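**Q** Pasting a structure below so you can have a look.
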Number of protein chains: 2
Amino acid sequence: MAVSKSKAMAEEPNRRADIVRAAGQLFHEKGYPGTTIRDIAGAVGMRSGSPFYHFKTKQDMLGAVVLEGMQAIHEAVAKAAASGKSPRATFEAMLLAHLDQLLGEEGQDFAATLLHESRHLDSKVSAEVVILKDRYELMWQKALKDLKRAGLIEDDSTVARLFLMGMLNWTVQWYRPDGSKSVAQIARQLASFVIGNRARA
Amino acid sequence: MAVSKSKAMAEEPNRRADIVRAAGQLFHEKGYPGTTIRDIAGAVGMRSGSPFYHFKTKQDMLGAVVLEGMQAIHEAVAKAAASGKSPRATFEAMLLAHLDQLLGEEGQDFAATLLHESRHLDSKVSAEVVILKDRYELMWQKALKDLKRAGLIEDDSTVARLFLMGMLNWTVQWYRPDGSKSVAQIARQLASFVIGNRARA
DNA sequence: CCTACCGATCGGTAGG
DNA sequence: CCTACCGATCGGTAGG
């Protein structure tokens with residue numbers, strides 16, 4: 001609650017952002033149709049009619065969550081992809097970035113909602129998401145191509161990329177923050193699983 | 001089953017089974033909370049109150065779908081596991097069995113609903129499903145152990161099994177029956193992806 | 001952002 | 001399995 005001084009971070013209460021965060025959490029937990037406006041309002045201390053001051057419809061809330069998740073995960077992974085390290089180190093950094101968005105504390109539910117609730121989007125936002133997703137997947141396809149060129153994997157096909165996405169995205173189903181594995185450990189193990197240990201330092 | 005004599009297949013209209021099938025399809029398409037009793041009733045040509053002649057609650061319908069899916073996929077994979085072939089061939093047969101249940105025409109939506117809508121189960125059926133799932137996953141853990149013992153993979157840990165489950169179960173998100181890959185091709189490619197081609201005939 | 005409310009739809013039931 | 005219906009809840013709105 002540092003309101004005055006350098007109100008850089010804990011800014012004046014951004015209620016819209018609060019709603020998006022609460023909606024993301026609830027959409028992830030209970031699914032989009034299983035979440036009510038009253039759930040969301042309650043989670044941010046509002047009455048049931050008030051979220052509509054910030055969003056026109058429930059659909060728009062889903063759109064905001066999904067688009068925010070898409071942007072965040074793309075940005076994080078793109079940064080890792082451009083880090084200029086070796087193919088293996090770059091790949092591992094990308095894995096970590098993706099998992100961190102998906103499982104970490106920050107964008108957690110944005111990305112998870114993106115992956116599992118996108119089918120409930122209406123056509124307008126949906127079309128936008130498809131484009132962004134294609135662009136995102138291209139980054140991974142390129143990463144696989146680099147790994148193959150370096151002789152670290154054998155298969156850099158589209159299906160191989162989908163296998164990889166499956167391993168990454170399925171973590172949502174089993175990862176627990178209080179479990180025995182950290183996100184970084186999982187990323188490392190996944191890299192080894194895909195590449196093997198031939199090039200292991 | 002096997003009621004009278006030879007009217008084995010196109011039996012007297014089994015309305016309960018019709019409801020389970022329709023419910024599975026709809027739960028998979030629109031999610032459990034997004035599916036209404038009226039949707040299900042409509043899909044089998046009933047009025048909205050009639051499904052309750054066969055099931056006490058909507059929850060019970062979900063339970064029936066999920067349990068049926070669990071049983072079917074377990075049975076199919078157990079059979080493949082016991083085929084007595086080489087570790088690699090057995091593994092590939094198990095992959096195919098799992099994918100066939102998940103993506104094939106038969107139990108299609110049962111298994112898919114199982115994977116994605118189980119969180120909406122109430123505690124009673126949920127507990128039962130957890131037990132069955134553990135038993136199912138044990139089969140896979142054993143398959144990985146056999147592969148490692150045969151020198152075909154390096155990592156047979158729990159997390160490795162979860163990676164594998166991710167690759168398998170994520171196919172629901174992208175597989176299309178009219179696409180360029182058959183289920184059998186995907187199973188084969190997945191085996192190669194995990195094992196590599198060292199032992200390839 | 002709240003109060004007060006609307007029409008629509010939901011899961012489920014009684015009675016046949 | 002249908003007809004007819006119930007109370008509860010839903011997404012959304014008007015008016016302040």
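The chains in the structure tokens are called A, B, ... from first to last as shown; in each chain the residues are counted from 1, and the ligands are counted from 1 in the order shown.
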Could I get the residues of chain B with an atom no further than 12 Å from an atom of chain D, each paired with its nearest atom pair and that distance in Å to one decimal, using only C-alpha atoms (C1' of nucleotides), sorted by chain and residue number, as JSON lines?
**A**
```
{"residue": "B:Arg15", "atom": "CA", "partner": "D:DC1", "partner_atom": "C1'", "distance": 10.6}
{"residue": "B:Ala41", "atom": "CA", "partner": "D:DC1", "partner_atom": "C1'", "distance": 11.4}
{"residue": "B:Gly45", "atom": "CA", "partner": "D:DC1", "partner_atom": "C1'", "distance": 10.9}
{"residue": "B:Met46", "atom": "CA", "partner": "D:DC1", "partner_atom": "C1'", "distance": 8.0}
{"residue": "B:Arg47", "atom": "CA", "partner": "D:DC2", "partner_atom": "C1'", "distance": 7.1}
{"residue": "B:Ser48", "atom": "CA", "partner": "D:DC2", "partner_atom": "C1'", "distance": 9.3}
{"residue": "B:Gly49", "atom": "CA", "partner": "D:DC2", "partner_atom": "C1'", "distance": 8.1}
{"residue": "B:Ser50", "atom": "CA", "partner": "D:DC1", "partner_atom": "C1'", "distance": 5.9}
{"residue": "B:Pro51", "atom": "CA", "partner": "D:DC1", "partner_atom": "C1'", "distance": 8.8}
{"residue": "B:Phe52", "atom": "CA", "partner": "D:DC1", "partner_atom": "C1'", "distance": 9.8}
{"residue": "B:Tyr53", "atom": "CA", "partner": "D:DC1", "partner_atom": "C1'", "distance": 7.5}
{"residue": "B:His54", "atom": "CA", "partner": "D:DC1", "partner_atom": "C1'", "distance": 9.9}
```
**Q** Counting only C-alpha atoms, which residues of region 79-123 of chain B sit at most 10 Å from some atom of region 157-173 of chain B, and what is each one's closest atom pair with its distance in Å to one decimal, listed by chain and rising residue number, as JSON lines?
**A**
```
{"residue": "B:Leu95", "atom": "CA", "partner": "B:Leu168", "partner_atom": "CA", "distance": 7.7}
{"residue": "B:Leu96", "atom": "CA", "partner": "B:Leu168", "partner_atom": "CA", "distance": 9.7}
{"residue": "B:His98", "atom": "CA", "partner": "B:Leu168", "partner_atom": "CA", "distance": 7.7}
{"residue": "B:Leu99", "atom": "CA", "partner": "B:Leu168", "partner_atom": "CA", "distance": 6.8}
{"residue": "B:Leu102", "atom": "CA", "partner": "B:Val172", "partner_atom": "CA", "distance": 7.1}
{"residue": "B:Leu103", "atom": "CA", "partner": "B:Val172", "partner_atom": "CA", "distance": 6.8}
{"residue": "B:Gln108", "atom": "CA", "partner": "B:Val172", "partner_atom": "CA", "distance": 9.6}
{"residue": "B:Asp109", "atom": "CA", "partner": "B:Val172", "partner_atom": "CA", "distance": 9.9}
{"residue": "B:Ala111", "atom": "CA", "partner": "B:Asn169", "partner_atom": "CA", "distance": 9.6}
{"residue": "B:Ala112", "atom": "CA", "partner": "B:Val172", "partner_atom": "CA", "distance": 7.2}
{"residue": "B:Leu115", "atom": "CA", "partner": "B:Asn169", "partner_atom": "CA", "distance": 7.7}
{"residue": "B:His116", "atom": "CA", "partner": "B:Asn169", "partner_atom": "CA", "distance": 9.5}
```
**Q** Keeping only N, CA and C atoms, write the selected residues to a file as an mmCIF file, in the first residue's frame.
**A**
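Output file selection-v7.cif is given in full below:
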```
data_model
loop_
_atom_site.group_PDB
_atom_site.id
_atom_site.type_symbol
_atom_site.label_atom_id
_atom_site.label_comp_id
_atom_site.auth_asym_id
_atom_site.auth_seq_id
_atom_site.Cartn_x
_atom_site.Cartn_y
_atom_site.Cartn_z
ATOM 1 N N LEU B 95 1.504 -46.985 -26.562
ATOM 2 C CA LEU B 95 1.274 -45.633 -27.074
ATOM 3 C C LEU B 95 0.076 -45.623 -28.010
ATOM 4 N N LEU B 96 0.064 -46.602 -28.896
ATOM 5 C CA LEU B 96 -1.033 -46.673 -29.860
ATOM 6 C C LEU B 96 -2.371 -46.898 -29.162
ATOM 7 N N HIS B 98 -3.254 -46.085 -26.090
ATOM 8 C CA HIS B 98 -3.648 -44.863 -25.390
ATOM 9 C C HIS B 98 -4.191 -43.822 -26.383
ATOM 10 N N LEU B 99 -3.458 -43.631 -27.456
ATOM 11 C CA LEU B 99 -3.871 -42.625 -28.438
ATOM 12 C C LEU B 99 -5.174 -43.018 -29.121
ATOM 13 N N LEU B 102 -7.954 -42.165 -26.950
ATOM 14 C CA LEU B 102 -8.075 -40.714 -26.799
ATOM 15 C C LEU B 102 -8.590 -40.060 -28.070
ATOM 16 N N LEU B 103 -8.136 -40.557 -29.220
ATOM 17 C CA LEU B 103 -8.408 -39.878 -30.483
ATOM 18 C C LEU B 103 -9.299 -40.682 -31.417
ATOM 19 N N GLN B 108 -13.594 -42.059 -27.822
ATOM 20 C CA GLN B 108 -13.043 -40.725 -27.993
ATOM 21 C C GLN B 108 -13.285 -39.773 -26.832
ATOM 22 N N ASP B 109 -14.520 -39.423 -26.652
ATOM 23 C CA ASP B 109 -14.793 -38.332 -25.727
ATOM 24 C C ASP B 109 -14.784 -38.774 -24.276
ATOM 25 N N ALA B 111 -12.395 -40.630 -22.804
ATOM 26 C CA ALA B 111 -11.048 -40.424 -22.297
ATOM 27 C C ALA B 111 -10.684 -38.940 -22.277
ATOM 28 N N ALA B 112 -11.117 -38.211 -23.293
ATOM 29 C CA ALA B 112 -10.813 -36.782 -23.345
ATOM 30 C C ALA B 112 -11.487 -36.044 -22.191
ATOM 31 N N LEU B 115 -9.644 -36.648 -18.998
ATOM 32 C CA LEU B 115 -8.411 -35.893 -18.820
ATOM 33 C C LEU B 115 -8.650 -34.427 -18.494
ATOM 34 N N HIS B 116 -9.736 -33.889 -19.027
ATOM 35 C CA HIS B 116 -9.867 -32.441 -18.933
ATOM 36 C C HIS B 116 -10.986 -31.950 -18.031
#
```
**Q** How large is the C-alpha RMSD when chain B is optimally fitted onto chain A, using all Cα positions paired one-to-one in sequence order?
**A**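 Pairing the C-alpha atoms in order and fitting gives 2.0 Å.
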**Q** Would you kindly return, as number ranges by chain, each protein, DNA or RNA residue with an atom no farther than 9 Å from any atom of Asp39 (chain A), considering only C-alpha atoms (C1' of nucleotides) and excluding same-chain residues fewer than 3 positions away?
**A** A: 22-23, 26, 35-36, 42-44, 48
**Q** List every residue of region 15-85 of chain B that DSSP, applied to the backbone of this structure, places in helix (DSSP H, G or I), and write the result as a PyMOL selection string.
**A** chain B and resi 15-30+37-43+51-54+58-81
**Q** Could you please determine the separation between CA of Ser180 (chain B) and CA of Val125 (chain A) in Å, to one decimal place?
**A**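 That distance, rounded to one decimal, is 27.9 Å.
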